[in-house]
$ cat work27.txt   # compact mmCIF, C-alpha atoms
# COMPACT_ATOMS: atom_id res chain seq x y z
CA MET V 1 -2.53 -37.08 -54.51
CA THR V 2 -1.06 -34.95 -57.25
CA ILE V 3 -4.40 -34.25 -58.93
CA GLU V 4 -6.19 -33.37 -55.73
CA ASN V 5 -3.64 -30.77 -54.67
CA ALA V 6 -3.49 -28.94 -58.05
CA GLN V 7 -6.79 -27.05 -57.75
CA PRO V 8 -6.03 -25.29 -54.44
CA ARG V 9 -2.75 -24.04 -55.85
CA ARG V 10 -4.46 -22.50 -58.89
CA ARG V 11 -6.94 -20.70 -56.68
CA SER V 12 -4.13 -19.47 -54.53
CA SER V 13 -2.24 -18.16 -57.58
CA ARG V 14 -5.23 -16.21 -58.81
CA LYS V 15 -5.62 -14.60 -55.45
CA ARG V 16 -2.02 -13.57 -55.33
CA ALA V 17 -2.27 -12.08 -58.80
CA PHE V 18 -5.28 -10.03 -57.74
CA LEU V 19 -3.49 -8.70 -54.70
CA ALA V 20 -0.49 -7.78 -56.79
CA LEU V 21 -2.65 -5.83 -59.23
CA GLY V 22 -4.23 -3.93 -56.36
CA ALA V 23 -0.79 -2.93 -55.18
CA VAL V 24 0.08 -1.54 -58.60
CA VAL V 25 -3.10 0.56 -58.68
CA ALA V 26 -2.41 1.94 -55.24
CA VAL V 27 1.11 3.01 -56.22
CA GLY V 28 -0.22 4.71 -59.35
CA ALA V 29 -2.73 6.70 -57.35
CA GLY V 30 0.00 7.84 -55.02
CA ILE V 31 2.06 9.21 -57.93
CA THR V 32 -0.91 11.19 -59.31
CA ALA V 33 -1.55 12.92 -56.00
CA ALA V 34 2.07 14.09 -55.82
CA ALA V 35 2.19 15.58 -59.38
CA PHE V 36 3.75 19.03 -59.96
CA THR V 37 1.42 22.08 -60.08
CA ASP V 38 1.86 25.57 -61.45
CA PHE V 39 -0.22 28.73 -62.14
CA ALA V 40 -0.05 32.09 -63.95
CA ASN V 41 -1.98 35.26 -62.99
CA LEU V 42 -2.38 38.36 -65.18
CA ASN V 43 -3.57 41.72 -63.83
CA LEU V 44 -5.69 43.40 -66.51
CA GLY V 45 -4.12 46.69 -67.56
CA ALA V 46 -0.58 47.76 -66.74
CA ASN V 47 -2.02 50.36 -64.36
CA GLY V 48 -5.48 49.01 -63.73
CA ILE V 49 -8.54 49.53 -65.91
CA GLY V 50 -9.37 53.18 -66.52
CA ALA V 51 -7.66 56.14 -68.14
CA ASP V 52 -5.58 58.72 -66.35
CA GLN V 53 -7.49 61.91 -65.59
CA TYR V 54 -8.72 63.79 -68.65
CA ASN V 55 -8.18 67.54 -68.31
CA ILE V 56 -8.10 70.63 -70.53
CA GLN V 57 -6.15 73.60 -69.18
CA VAL V 58 -5.35 77.16 -70.25
CA VAL V 59 -2.44 79.41 -69.40
CA ASP V 60 -2.28 80.63 -65.81
CA THR V 61 -3.16 84.31 -65.39
CA ASP V 62 -3.05 86.91 -62.64
CA PRO V 63 -6.49 86.94 -60.99
CA ILE V 64 -6.58 90.76 -60.97
CA THR V 65 -4.69 91.99 -64.03
CA GLY V 66 -5.11 88.94 -66.26
CA VAL V 67 -1.40 89.00 -67.14
CA GLN V 68 -0.25 85.58 -68.32
CA ASN V 69 2.24 83.38 -66.46
CA PRO V 70 3.85 81.45 -69.33
CA GLY V 71 4.63 77.83 -68.54
CA SER V 72 2.06 77.67 -65.76
CA TRP V 73 -1.46 76.35 -66.18
CA GLN V 74 -4.88 76.70 -64.61
CA GLU V 75 -8.22 74.90 -64.80
CA ALA V 76 -10.44 78.01 -65.13
CA ASP V 77 -13.34 75.57 -65.00
CA THR V 78 -15.91 77.66 -63.14
CA PRO V 79 -18.77 79.65 -64.70
CA ALA V 80 -17.05 82.86 -63.56
CA GLY V 81 -13.89 81.93 -65.46
CA ALA V 82 -10.55 83.67 -65.06
CA PRO V 83 -9.45 87.01 -66.57
CA ILE V 84 -6.87 87.18 -69.34
CA GLU V 85 -5.28 90.44 -70.42
CA LEU V 86 -6.37 91.81 -73.81
CA VAL V 87 -3.97 94.64 -74.49
CA GLY V 88 -5.78 97.64 -75.98
CA ALA V 89 -9.25 96.62 -74.78
CA GLN V 90 -9.69 99.91 -72.93
CA THR V 91 -8.72 102.03 -75.93
CA LEU V 92 -10.81 100.33 -78.61
CA PHE V 93 -13.02 102.68 -80.61
CA PRO V 94 -15.05 102.37 -83.84
CA GLY V 95 -12.69 101.81 -86.74
CA SER V 96 -9.53 101.50 -84.60
CA ALA V 97 -6.89 98.84 -85.20
CA ALA V 98 -7.74 95.31 -84.14
CA ILE V 99 -6.36 93.90 -80.90
CA SER V 100 -5.49 90.29 -80.14
CA VAL V 101 -4.37 87.81 -77.52
CA ASP V 102 -2.58 84.46 -77.86
CA ILE V 103 -4.06 81.93 -75.44
CA PRO V 104 -1.99 78.82 -74.66
CA VAL V 105 -4.12 75.71 -74.12
CA ARG V 106 -3.10 72.14 -73.43
CA ASN V 107 -4.44 68.64 -73.03
CA ALA V 108 -3.12 67.73 -69.57
CA SER V 109 -4.11 64.07 -69.90
CA THR V 110 -1.13 61.69 -70.19
CA THR V 111 -3.06 59.01 -72.10
CA LEU V 112 -6.17 60.44 -73.79
CA GLY V 113 -6.38 62.59 -76.89
CA SER V 114 -8.86 65.45 -77.05
CA THR V 115 -11.06 67.42 -79.37
CA LEU V 116 -11.23 71.17 -78.82
CA THR V 117 -13.88 73.79 -79.52
CA LEU V 118 -14.17 77.54 -78.94
CA THR V 119 -17.33 79.41 -77.99
CA LEU V 120 -17.91 83.02 -77.00
CA ALA V 121 -20.38 83.63 -74.18
CA GLN V 122 -21.72 86.81 -72.63
CA LEU V 123 -21.02 87.15 -68.93
CA PRO V 124 -24.04 87.94 -66.76
CA ASP V 125 -24.53 91.63 -66.01
CA ALA V 126 -23.28 92.41 -62.53
CA GLY V 127 -23.15 95.86 -60.96
CA ALA V 128 -21.39 98.25 -63.29
CA ASN V 129 -20.32 95.41 -65.59
CA VAL V 130 -23.17 95.58 -68.07
CA THR V 131 -22.92 94.56 -71.71
CA ASP V 132 -24.27 97.10 -74.18
CA ALA V 133 -26.17 95.29 -76.94
CA ASN V 134 -25.18 97.78 -79.66
CA TYR V 135 -21.53 97.61 -78.68
CA LEU V 136 -21.58 93.81 -78.70
CA SER V 137 -23.23 93.73 -82.12
CA SER V 138 -20.47 96.01 -83.49
CA LEU V 139 -17.65 93.72 -82.38
CA ARG V 140 -16.03 91.31 -84.83
CA PHE V 141 -13.94 88.36 -83.76
CA SER V 142 -11.31 86.30 -85.55
CA TYR V 143 -9.50 83.18 -84.37
CA ALA V 144 -6.48 81.21 -85.54
CA GLN V 145 -4.67 78.06 -84.44
CA ALA V 146 -1.60 76.38 -85.85
CA ALA V 147 -1.56 72.72 -86.93
CA THR V 148 -1.30 70.09 -84.21
CA SER V 149 -0.14 66.49 -84.22
CA VAL V 150 -3.79 65.46 -84.49
CA ASP V 151 -4.84 67.90 -87.24
CA GLY V 152 -2.10 68.84 -89.64
CA THR V 153 -3.58 72.03 -91.08
CA ALA V 154 -3.75 75.45 -89.45
CA ILE V 155 -7.28 76.79 -89.10
CA SER V 156 -8.80 80.25 -88.76
CA GLY V 157 -12.01 82.22 -88.95
CA THR V 158 -12.27 85.93 -89.74
CA ASP V 159 -14.67 88.74 -88.86
CA LEU V 160 -17.27 86.65 -87.08
CA THR V 161 -20.05 88.15 -85.01
CA PHE V 162 -20.38 87.24 -81.38
CA ALA V 163 -23.17 84.81 -82.24
CA GLN V 164 -21.21 83.19 -85.08
CA LEU V 165 -18.27 82.24 -82.92
CA ASN V 166 -20.16 79.43 -81.26
CA ASP V 167 -18.91 75.88 -80.80
CA VAL V 168 -16.25 76.34 -83.49
CA ALA V 169 -14.12 73.22 -83.98
CA LEU V 170 -10.43 73.80 -83.32
CA ASN V 171 -7.55 71.41 -83.98
CA GLY V 172 -7.45 68.44 -81.63
CA LEU V 173 -4.68 67.73 -79.16
CA ALA V 174 -2.80 64.52 -78.46
CA ALA V 175 -2.17 63.48 -74.87
CA GLY V 176 0.10 66.07 -73.24
CA GLU V 177 0.08 68.35 -76.29
CA GLU V 178 0.08 72.14 -76.05
CA SER V 179 -1.22 74.63 -78.58
CA SER V 180 -2.11 78.30 -78.80
CA VAL V 181 -5.28 79.96 -80.03
CA THR V 182 -5.22 83.61 -81.13
CA ILE V 183 -8.37 85.65 -80.70
CA THR V 184 -8.55 89.01 -82.47
CA VAL V 185 -11.15 91.70 -81.76
CA ARG V 186 -12.12 94.85 -83.62
CA LEU V 187 -14.96 97.37 -83.30
CA LEU V 188 -16.74 98.34 -86.51
CA ASP V 189 -17.67 101.90 -87.27
CA GLN V 190 -21.16 102.76 -88.47
CA ALA V 191 -20.05 103.11 -92.08
CA GLU V 192 -18.92 99.48 -92.11
CA SER V 193 -21.61 98.00 -89.90
CA GLY V 194 -24.53 99.87 -91.43
CA ALA V 195 -26.02 100.14 -87.95
CA ALA V 196 -28.94 102.44 -87.18
CA PHE V 197 -27.01 104.00 -84.30
CA ASP V 198 -24.06 106.35 -84.74
CA ASP V 199 -20.50 105.73 -83.61
CA ASN V 200 -20.65 108.22 -80.76
CA SER V 201 -23.47 106.28 -79.11
CA LEU V 202 -20.92 103.57 -78.32
CA ASN V 203 -18.78 105.98 -76.30
CA GLY V 204 -18.31 104.52 -72.82
CA ALA V 205 -20.13 101.30 -73.70
CA LYS V 206 -18.63 97.88 -73.05
CA ALA V 207 -19.12 94.18 -73.66
CA PHE V 208 -18.20 91.44 -71.21
CA VAL V 209 -17.30 88.33 -73.17
CA GLN V 210 -15.91 84.96 -72.10
CA ALA V 211 -13.90 82.63 -74.36
CA GLN V 212 -14.86 79.05 -73.55
CA PHE V 213 -12.61 76.14 -74.52
CA ASN V 214 -14.32 72.78 -74.45
CA GLY V 215 -12.87 69.36 -75.12
CA THR V 216 -13.96 65.74 -75.37
CA SER V 217 -11.67 62.81 -74.78
CA VAL V 218 -10.94 60.59 -77.77
$ encode --input "work27.txt" --output "structure tokens"
Amino acid sequence: MTIENAQPRRRSSRKRAFLALGAVVAVGAGITAAAFTDFANLNLGANGIGADQYNIQVVDTDPITGVQNPGSWQEADTPAGAPIELVGAQTLFPGSAAISVDIPVRNASTTLGSTLTLTLAQLPDAGANVTDANYLSSLRFSYAQAATSVDGTAISGTDLTFAQLNDVALNGLAAGEESSVTITVRLLDQAESGAAFDDNSLNGAKAFVQAQFNGTSV
């Protein structure tokens, strides 16, 4: 009797062991499903992707008289431009003293640096505002700008013709930086210019010239 009953017990034990192992696996799966979770999200750029607006401005001026409003700024970004007063422009004659104007300019961007160039352009003839070619050829222009945080050396150019003052590199400006560019104008007499026309032929003549400031973000 003892031998006959031993085999069923062994089979029963194996079965119980199998069931017990299944229970352990099931408990383990339950623990995995309940594990802790976490995440971390990063928004690219403290203020999104893209720079703040890039913008070059010049001093604000009265639209009629051209008188400057120090501390105020304007875009002046139309082909017509904006007037700026050039004291003595109406009394310039061949050989007279040079006249000049200091033009404040700034990089209004809060994040981007800027290059800066200066070009003289002739305004289109309109009505009575007609540029006399001989008068324009007798004008000489100089420019000067102090050092900036970008370029540490003051720069200048002297006695340039209208055509020569074209796309001249000025000192660059850091974000938010202001500077000032001085433009000086004088009218040569015939003795200095060697022109074929005499000085008196320039009497009543005029030139309509625009100073163009151009910048590129850096």
$ closest_residue --input "work27.txt" --among "V:Gly157, V:Pro124, V:Gly66, V:Gly113" --to "Gly172 of chain V" --atoms "all atoms listed in the file"
V:Gly113
$ closest_residue --input "work27.txt" --among "V:Ile64, V:Leu187, V:Ala97, V:Leu123" --to "Ile84 of chain V" --atoms "only C-alpha atoms"
V:Ile64
$ closest_residue --input "work27.txt" --among "V:Ser138, V:Asn203, V:Thr182, V:Asn171" --to "Thr153 of chain V" --atoms "all atoms listed in the file"
V:Asn171
$ atom_distance --input "work27.txt" --atom1 "atom CA of Thr158 of chain V" --atom2 "atom CA of Leu86 of chain V"
18.0 Å
$ closest_residue --input "work27.txt" --among "V:Thr216, V:Asn129, V:Ser180, V:Asn134" --to "Asp198 of chain V" --atoms "all atoms listed in the file"
V:Asn134
$ closest_residue --input "work27.txt" --among "V:Ser137, V:Asn214, V:Asn166, V:Thr184" --to "Phe197 of chain V" --atoms "all atoms listed in the file"
V:Ser137
$ closest_residue --input "work27.txt" --among "V:Gln212, V:Gln90, V:Gln145, V:Ser217" --to "Glu75 of chain V" --atoms "all atoms listed in the file"
V:Gln212
$ residues_around --input "work27.txt" --residues "Ala128 of chain V" --least-positions-apart "2" --cutoff "12 Å" --atoms "only C-alpha atoms" --output "MDAnalysis selection string"
chainID V and resid 124:126 130:132 204:208
$ atom_distance --input "work27.txt" --atom1 "atom CA of Thr78 of chain V" --atom2 "atom CA of Ala147 of chain V"
28.2 Å
$ residues_near_point --input "work27.txt" --point "(-6.8, 74.4, -87.4)" --cutoff "12 Å" --atoms "only C-alpha atoms" --output "list in words"
Thr115, Leu116, Thr117, Leu118, Tyr143, Ala144, Gln145, Ala146, Ala147, Thr148, Ser149, Val150, Asp151, Gly152, Thr153, Ala154, Ile155, Ser156, Gly157, Val168, Ala169, Leu170, Asn171, Gly172, Leu173, Ser179, Ser180, Val181 and Thr182 of chain V
$ residues_around --input "work27.txt" --residues "segment 45-59 of chain V" --least-positions-apart "3" --cutoff "10 Å" --atoms "all atoms listed in the file" --output "ChimeraX atom specification"
/V:42,67-77,82,84,102-116,173,175-176,178-180,213-218
$ atom_distance --input "work27.txt" --atom1 "atom CA of Ile99 of chain V" --atom2 "atom CA of Ser142 of chain V"
10.2 Å
$ axis_aligned_box --input "work27.txt" --around "segment 139-144 of chain V" --padding-each-side "5 Å" --output "lines of an AutoDock Vina configuration file"
center_x = -12.1
center_y = 87.5
center_z = -84.0
size_x = 21.2
size_y = 22.5
size_z = 13.2
$ residues_near_point --input "work27.txt" --point "(-15.2, 104.6, -89.8)" --cutoff "9 Å" --atoms "only C-alpha atoms" --output "PyMOL selection string"
chain V and resi 94-96+188-192+199
$ decode --input "work27.txt" --residues "segment 95-202 of chain V" --atoms "C-alpha atoms" --output "mmCIF file, in the first residue's frame"
data_model
loop_
_atom_site.group_PDB
_atom_site.id
_atom_site.type_symbol
_atom_site.label_atom_id
_atom_site.label_comp_id
_atom_site.auth_asym_id
_atom_site.auth_seq_id
_atom_site.Cartn_x
_atom_site.Cartn_y
_atom_site.Cartn_z
ATOM 1 C CA GLY V 95 35.384 128.487 -51.691
ATOM 2 C CA SER V 96 33.243 129.198 -48.605
ATOM 3 C CA ALA V 97 33.782 127.445 -45.274
ATOM 4 C CA ALA V 98 32.644 123.849 -45.017
ATOM 5 C CA ILE V 99 29.372 123.003 -43.293
ATOM 6 C CA SER V 100 28.533 119.841 -41.373
ATOM 7 C CA VAL V 101 25.858 117.876 -39.562
ATOM 8 C CA ASP V 102 26.124 115.228 -36.834
ATOM 9 C CA ILE V 103 23.646 112.416 -37.491
ATOM 10 C CA PRO V 104 22.801 110.102 -34.573
ATOM 11 C CA VAL V 105 22.184 106.510 -35.663
ATOM 12 C CA ARG V 106 21.410 103.432 -33.614
ATOM 13 C CA ASN V 107 20.930 99.698 -33.826
ATOM 14 C CA ALA V 108 17.456 99.314 -32.311
ATOM 15 C CA SER V 109 17.697 95.516 -32.138
ATOM 16 C CA THR V 110 17.939 94.148 -28.583
ATOM 17 C CA THR V 111 19.787 90.971 -29.592
ATOM 18 C CA LEU V 112 21.498 91.351 -32.982
ATOM 19 C CA GLY V 113 24.649 93.264 -33.818
ATOM 20 C CA SER V 114 24.865 95.234 -37.054
ATOM 21 C CA THR V 115 27.226 96.382 -39.735
ATOM 22 C CA LEU V 116 26.763 99.922 -41.039
ATOM 23 C CA THR V 117 27.519 101.595 -44.352
ATOM 24 C CA LEU V 118 27.027 105.092 -45.775
ATOM 25 C CA THR V 119 26.106 105.930 -49.357
ATOM 26 C CA LEU V 120 25.205 109.224 -51.009
ATOM 27 C CA ALA V 121 22.387 109.111 -53.561
ATOM 28 C CA GLN V 122 20.908 111.770 -55.809
ATOM 29 C CA LEU V 123 17.224 112.388 -55.263
ATOM 30 C CA PRO V 124 15.067 112.278 -58.396
ATOM 31 C CA ASP V 125 14.397 115.657 -59.983
ATOM 32 C CA ALA V 126 10.935 116.855 -59.043
ATOM 33 C CA GLY V 127 9.447 120.214 -59.983
ATOM 34 C CA ALA V 128 11.833 122.980 -59.016
ATOM 35 C CA ASN V 129 14.077 120.545 -57.122
ATOM 36 C CA VAL V 130 16.550 119.785 -59.878
ATOM 37 C CA THR V 131 20.170 118.808 -59.313
ATOM 38 C CA ASP V 132 22.686 120.767 -61.356
ATOM 39 C CA ALA V 133 25.404 118.401 -62.602
ATOM 40 C CA ASN V 134 28.183 121.014 -62.407
ATOM 41 C CA TYR V 135 27.207 121.975 -58.880
ATOM 42 C CA LEU V 136 27.138 118.341 -57.769
ATOM 43 C CA SER V 137 30.555 117.689 -59.302
ATOM 44 C CA SER V 138 31.976 120.666 -57.356
ATOM 45 C CA LEU V 139 30.828 119.367 -53.987
ATOM 46 C CA ARG V 140 33.227 117.516 -51.696
ATOM 47 C CA PHE V 141 32.091 115.359 -48.812
ATOM 48 C CA SER V 142 33.837 114.157 -45.679
ATOM 49 C CA TYR V 143 32.590 111.754 -43.013
ATOM 50 C CA ALA V 144 33.717 110.778 -39.530
ATOM 51 C CA GLN V 145 32.557 108.348 -36.853
ATOM 52 C CA ALA V 146 33.928 107.644 -33.407
ATOM 53 C CA ALA V 147 34.931 104.155 -32.254
ATOM 54 C CA THR V 148 32.150 101.788 -31.229
ATOM 55 C CA SER V 149 32.084 98.705 -29.028
ATOM 56 C CA VAL V 150 32.320 96.610 -32.191
ATOM 57 C CA ASP V 151 35.117 98.552 -33.921
ATOM 58 C CA GLY V 152 37.549 100.231 -31.576
ATOM 59 C CA THR V 153 39.060 102.784 -33.955
ATOM 60 C CA ALA V 154 37.506 106.028 -35.156
ATOM 61 C CA ILE V 155 37.179 106.241 -38.934
ATOM 62 C CA SER V 156 36.918 109.083 -41.435
ATOM 63 C CA GLY V 157 37.139 109.981 -45.084
ATOM 64 C CA THR V 158 38.012 113.421 -46.455
ATOM 65 C CA ASP V 159 37.193 115.388 -49.608
ATOM 66 C CA LEU V 160 35.362 112.648 -51.457
ATOM 67 C CA THR V 161 33.324 113.280 -54.565
ATOM 68 C CA PHE V 162 29.666 112.393 -54.628
ATOM 69 C CA ALA V 163 30.466 109.213 -56.544
ATOM 70 C CA GLN V 164 33.275 108.200 -54.173
ATOM 71 C CA LEU V 165 31.101 108.237 -51.086
ATOM 72 C CA ASN V 166 29.375 105.021 -52.048
ATOM 73 C CA ASP V 167 28.837 102.026 -49.776
ATOM 74 C CA VAL V 168 31.542 103.213 -47.370
ATOM 75 C CA ALA V 169 31.963 100.875 -44.392
ATOM 76 C CA LEU V 170 31.323 102.571 -41.052
ATOM 77 C CA ASN V 171 31.932 101.145 -37.582
ATOM 78 C CA GLY V 172 29.520 98.399 -36.596
ATOM 79 C CA LEU V 173 27.036 98.628 -33.753
ATOM 80 C CA ALA V 174 26.270 96.156 -30.986
ATOM 81 C CA ALA V 175 22.658 95.434 -30.094
ATOM 82 C CA GLY V 176 21.090 98.623 -28.720
ATOM 83 C CA GLU V 177 24.190 100.720 -29.418
ATOM 84 C CA GLU V 178 24.037 104.342 -30.568
ATOM 85 C CA SER V 179 26.629 106.262 -32.554
ATOM 86 C CA SER V 180 26.928 109.482 -34.519
ATOM 87 C CA VAL V 181 28.184 110.076 -38.034
ATOM 88 C CA THR V 182 29.367 113.538 -39.075
ATOM 89 C CA ILE V 183 28.978 114.539 -42.706
ATOM 90 C CA THR V 184 30.825 117.640 -43.880
ATOM 91 C CA VAL V 185 30.174 119.428 -47.183
ATOM 92 C CA ARG V 186 32.102 122.097 -49.057
ATOM 93 C CA LEU V 187 31.831 123.644 -52.525
ATOM 94 C CA LEU V 188 35.058 123.951 -54.500
ATOM 95 C CA ASP V 189 35.898 127.048 -56.462
ATOM 96 C CA GLN V 190 37.117 126.777 -60.043
ATOM 97 C CA ALA V 191 40.735 127.363 -59.074
ATOM 98 C CA GLU V 192 40.684 124.247 -56.895
ATOM 99 C CA SER V 193 38.435 122.075 -59.017
ATOM 100 C CA GLY V 194 40.000 122.930 -62.366
ATOM 101 C CA ALA V 195 36.518 122.819 -63.879
ATOM 102 C CA ALA V 196 35.794 124.134 -67.367
ATOM 103 C CA PHE V 197 32.963 126.277 -66.010
ATOM 104 C CA ASP V 198 33.457 129.400 -63.911
ATOM 105 C CA ASP V 199 32.320 129.912 -60.337
ATOM 106 C CA ASN V 200 29.527 132.304 -61.252
ATOM 107 C CA SER V 201 27.828 129.643 -63.363
ATOM 108 C CA LEU V 202 26.981 127.846 -60.108
#
